[in-house]
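Chemist: One structure is given below, represented as structure tokens, and several questions about it will come after.
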Amino acid sequence: ALADGAVRLGPGADRDAARASLAAVPGLDDRTTAEIRTRALGDPDVAPPGLDTPDSWRPWRSYALNHLRAAGELE
């Protein structure tokens, strides 16, 4: 999908368009898509599905979760 341009993750890529195109890739689940958005796009407000995050963490949920992982509070 990256090679044929169906998914754009480069500088300036639209985050919403990337989310939609990643969701269309066979074999990628929601958790993997969230991880790609966080790491490849630097999206600061992504929470993996199934993980309850408070609204007060918006728009920095990705950063908060990475901090908790680094502190050993999350796996």
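Simple scheme: letters A, B, ... for chains in structure tokens order, numbers from 1 for residues in each chain, numbers from 1 for ligands in the order shown.
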Using only C-alpha atoms, determine which residues lie at most 12 Å from Arg61 of chain A, disregarding the query and same-chain residues fewer than 5 positions distant; provide the list as a compact mmCIF listing (two decimals) with all heavy atoms, in the first residue's frame.
Modeler:
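The result, written out as part-v5.txt:
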# COMPACT_ATOMS: atom_id res chain seq x y z
N ALA A 34 -3.35 2.17 14.96
CA ALA A 34 -3.10 3.21 15.96
C ALA A 34 -1.60 3.37 16.22
O ALA A 34 -1.10 4.49 16.33
CB ALA A 34 -3.83 2.89 17.26
N THR A 38 0.72 6.70 15.46
CA THR A 38 1.51 7.34 16.52
C THR A 38 2.97 7.45 16.11
O THR A 38 3.57 8.52 16.24
CB THR A 38 1.40 6.53 17.82
OG1 THR A 38 0.04 6.51 18.23
CG2 THR A 38 2.25 7.14 18.92
N GLY A 42 3.51 10.68 13.90
CA GLY A 42 3.70 11.52 15.07
C GLY A 42 2.39 12.11 15.57
O GLY A 42 2.38 13.19 16.16
N ASP A 43 1.30 11.40 15.33
CA ASP A 43 -0.01 11.88 15.74
C ASP A 43 -0.08 11.89 17.27
O ASP A 43 0.05 10.86 17.91
CB ASP A 43 -1.11 10.99 15.17
CG ASP A 43 -2.50 11.57 15.29
OD1 ASP A 43 -2.70 12.44 16.15
OD2 ASP A 43 -3.38 11.15 14.53
N PRO A 44 -0.26 13.06 17.89
CA PRO A 44 -0.21 13.16 19.33
C PRO A 44 -1.48 12.70 20.05
O PRO A 44 -1.49 12.60 21.26
CB PRO A 44 0.00 14.65 19.58
CG PRO A 44 -0.68 15.29 18.43
CD PRO A 44 -0.44 14.37 17.25
N ASP A 45 -2.54 12.39 19.30
CA ASP A 45 -3.82 12.10 19.94
C ASP A 45 -4.43 10.77 19.48
O ASP A 45 -5.54 10.72 18.99
CB ASP A 45 -4.81 13.24 19.70
CG ASP A 45 -6.02 13.15 20.61
OD1 ASP A 45 -5.86 12.70 21.76
OD2 ASP A 45 -7.11 13.52 20.17
N VAL A 46 -3.67 9.71 19.64
CA VAL A 46 -4.15 8.38 19.26
C VAL A 46 -4.16 7.50 20.50
O VAL A 46 -3.18 7.45 21.24
CB VAL A 46 -3.23 7.73 18.20
CG1 VAL A 46 -3.71 6.34 17.85
CG2 VAL A 46 -3.14 8.60 16.96
N ALA A 47 -5.26 6.83 20.71
CA ALA A 47 -5.34 5.84 21.80
C ALA A 47 -5.72 4.50 21.17
O ALA A 47 -6.65 4.43 20.37
CB ALA A 47 -6.38 6.24 22.82
N PRO A 48 -5.00 3.44 21.50
CA PRO A 48 -5.35 2.14 20.95
C PRO A 48 -6.76 1.73 21.36
O PRO A 48 -7.22 2.08 22.46
CB PRO A 48 -4.32 1.19 21.58
CG PRO A 48 -3.22 2.06 22.04
CD PRO A 48 -3.83 3.38 22.36
N LEU A 51 -8.45 0.64 25.09
CA LEU A 51 -7.76 1.27 26.21
C LEU A 51 -8.50 2.55 26.55
O LEU A 51 -8.59 3.47 25.75
CB LEU A 51 -6.32 1.60 25.81
CG LEU A 51 -5.39 2.05 26.92
CD1 LEU A 51 -5.31 1.00 28.02
CD2 LEU A 51 -4.02 2.32 26.37
N ASP A 52 -9.07 2.59 27.73
CA ASP A 52 -9.87 3.73 28.15
C ASP A 52 -8.95 4.87 28.56
O ASP A 52 -8.17 4.76 29.50
CB ASP A 52 -10.78 3.32 29.31
CG ASP A 52 -11.78 4.39 29.67
OD1 ASP A 52 -12.17 5.16 28.77
OD2 ASP A 52 -12.18 4.45 30.84
N THR A 53 -9.04 5.98 27.83
CA THR A 53 -8.24 7.16 28.16
C THR A 53 -9.19 8.32 28.46
O THR A 53 -10.17 8.51 27.76
CB THR A 53 -7.30 7.55 27.01
OG1 THR A 53 -8.07 7.80 25.85
CG2 THR A 53 -6.28 6.47 26.74
N PRO A 54 -8.89 9.08 29.49
CA PRO A 54 -9.76 10.20 29.84
C PRO A 54 -9.72 11.30 28.79
O PRO A 54 -8.70 11.53 28.15
CB PRO A 54 -9.20 10.70 31.17
CG PRO A 54 -7.94 9.98 31.41
CD PRO A 54 -7.78 8.91 30.41
N ASP A 55 -10.84 11.98 28.61
CA ASP A 55 -10.91 13.09 27.67
C ASP A 55 -9.96 14.21 28.05
O ASP A 55 -9.52 14.98 27.19
CB ASP A 55 -12.34 13.63 27.57
CG ASP A 55 -13.21 12.79 26.66
OD1 ASP A 55 -12.66 12.00 25.85
OD2 ASP A 55 -14.44 12.91 26.76
N SER A 56 -9.62 14.30 29.32
CA SER A 56 -8.71 15.36 29.76
C SER A 56 -7.30 15.18 29.17
O SER A 56 -6.51 16.11 29.18
CB SER A 56 -8.64 15.41 31.28
OG SER A 56 -8.14 14.21 31.80
N ASN A 66 2.67 6.87 25.89
CA ASN A 66 4.09 6.55 25.78
C ASN A 66 4.81 6.82 27.09
O ASN A 66 5.70 6.05 27.48
CB ASN A 66 4.74 7.35 24.64
CG ASN A 66 4.37 6.82 23.28
OD1 ASN A 66 4.00 5.65 23.13
ND2 ASN A 66 4.45 7.65 22.28
N HIS A 67 4.44 7.87 27.77
CA HIS A 67 5.03 8.18 29.08
C HIS A 67 4.71 7.06 30.08
O HIS A 67 5.59 6.60 30.82
CB HIS A 67 4.52 9.52 29.59
CG HIS A 67 4.95 9.82 30.99
ND1 HIS A 67 6.22 10.23 31.30
CD2 HIS A 67 4.27 9.73 32.17
CE1 HIS A 67 6.31 10.38 32.61
NE2 HIS A 67 5.15 10.10 33.15
N LEU A 68 3.46 6.63 30.11
CA LEU A 68 3.07 5.56 31.03
C LEU A 68 3.79 4.25 30.72
O LEU A 68 4.18 3.51 31.62
CB LEU A 68 1.55 5.36 31.02
CG LEU A 68 0.75 6.51 31.63
CD1 LEU A 68 -0.73 6.27 31.41
CD2 LEU A 68 1.07 6.69 33.11
Chemist: Hey, can you check how far atom CA of Val7 of chain A sits from atom CA of Leu22 of chain A?
Modeler: 6.5 Å
Chemist: Tell me which protein, DNA and RNA residues are within 12 Å of Ala24 of chain A, counting only C-alpha atoms, leaving out same-chain ones fewer than 4 positions away, and put them as JSON, numbers by chain.
Modeler: {"A": [1, 6, 7, 17, 18, 19, 20, 28, 29, 30, 33]}
Chemist: Pull N, CA, C and O atoms from the residues just selected and write them as a PDB file, in the first residue's frame.
Modeler:
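In the end it all went to out-v2.pdb:
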ATOM      1  N   ALA A   1       0.825  -1.191   0.000  1.00  0.00           N
ATOM      2  CA  ALA A   1       0.000   0.000   0.000  1.00  0.00           C
ATOM      3  C   ALA A   1       0.870   1.257   0.000  1.00  0.00           C
ATOM      4  O   ALA A   1       0.507   2.257  -0.609  1.00  0.00           O
ATOM      5  N   ALA A   6      -1.272   4.075  -2.022  1.00  0.00           N
ATOM      6  CA  ALA A   6      -2.591   3.999  -1.390  1.00  0.00           C
ATOM      7  C   ALA A   6      -2.554   4.517   0.046  1.00  0.00           C
ATOM      8  O   ALA A   6      -3.541   5.035   0.546  1.00  0.00           O
ATOM      9  N   VAL A   7      -1.395   4.383   0.678  1.00  0.00           N
ATOM     10  CA  VAL A   7      -1.207   4.887   2.044  1.00  0.00           C
ATOM     11  C   VAL A   7      -0.047   5.877   2.010  1.00  0.00           C
ATOM     12  O   VAL A   7       1.041   5.547   1.542  1.00  0.00           O
ATOM     13  N   ALA A  17      -6.842  10.978   6.491  1.00  0.00           N
ATOM     14  CA  ALA A  17      -6.736  10.182   5.275  1.00  0.00           C
ATOM     15  C   ALA A  17      -5.872   8.944   5.515  1.00  0.00           C
ATOM     16  O   ALA A  17      -6.183   7.848   5.032  1.00  0.00           O
ATOM     17  N   ALA A  18      -4.793   9.106   6.273  1.00  0.00           N
ATOM     18  CA  ALA A  18      -3.924   7.967   6.596  1.00  0.00           C
ATOM     19  C   ALA A  18      -4.675   6.928   7.418  1.00  0.00           C
ATOM     20  O   ALA A  18      -4.547   5.724   7.170  1.00  0.00           O
ATOM     21  N   ARG A  19      -5.467   7.395   8.390  1.00  0.00           N
ATOM     22  CA  ARG A  19      -6.260   6.453   9.205  1.00  0.00           C
ATOM     23  C   ARG A  19      -7.201   5.651   8.331  1.00  0.00           C
ATOM     24  O   ARG A  19      -7.287   4.430   8.439  1.00  0.00           O
ATOM     25  N   ALA A  20      -7.888   6.319   7.419  1.00  0.00           N
ATOM     26  CA  ALA A  20      -8.842   5.638   6.540  1.00  0.00           C
ATOM     27  C   ALA A  20      -8.126   4.669   5.595  1.00  0.00           C
ATOM     28  O   ALA A  20      -8.595   3.538   5.392  1.00  0.00           O
ATOM     29  N   LEU A  28      -4.304  -5.415   8.752  1.00  0.00           N
ATOM     30  CA  LEU A  28      -4.004  -4.435   9.798  1.00  0.00           C
ATOM     31  C   LEU A  28      -5.214  -4.278  10.699  1.00  0.00           C
ATOM     32  O   LEU A  28      -6.285  -3.895  10.243  1.00  0.00           O
ATOM     33  N   ASP A  29      -5.031  -4.554  11.978  1.00  0.00           N
ATOM     34  CA  ASP A  29      -6.136  -4.359  12.916  1.00  0.00           C
ATOM     35  C   ASP A  29      -6.080  -2.933  13.474  1.00  0.00           C
ATOM     36  O   ASP A  29      -5.167  -2.166  13.172  1.00  0.00           O
ATOM     37  N   ASP A  30      -7.066  -2.572  14.270  1.00  0.00           N
ATOM     38  CA  ASP A  30      -7.158  -1.215  14.804  1.00  0.00           C
ATOM     39  C   ASP A  30      -5.972  -0.853  15.689  1.00  0.00           C
ATOM     40  O   ASP A  30      -5.495   0.275  15.689  1.00  0.00           O
ATOM     41  N   THR A  33      -2.973  -0.153  13.424  1.00  0.00           N
ATOM     42  CA  THR A  33      -3.201   1.128  12.762  1.00  0.00           C
ATOM     43  C   THR A  33      -2.921   2.283  13.722  1.00  0.00           C
ATOM     44  O   THR A  33      -2.274   3.269  13.348  1.00  0.00           O
TER      45      THR A  33
END
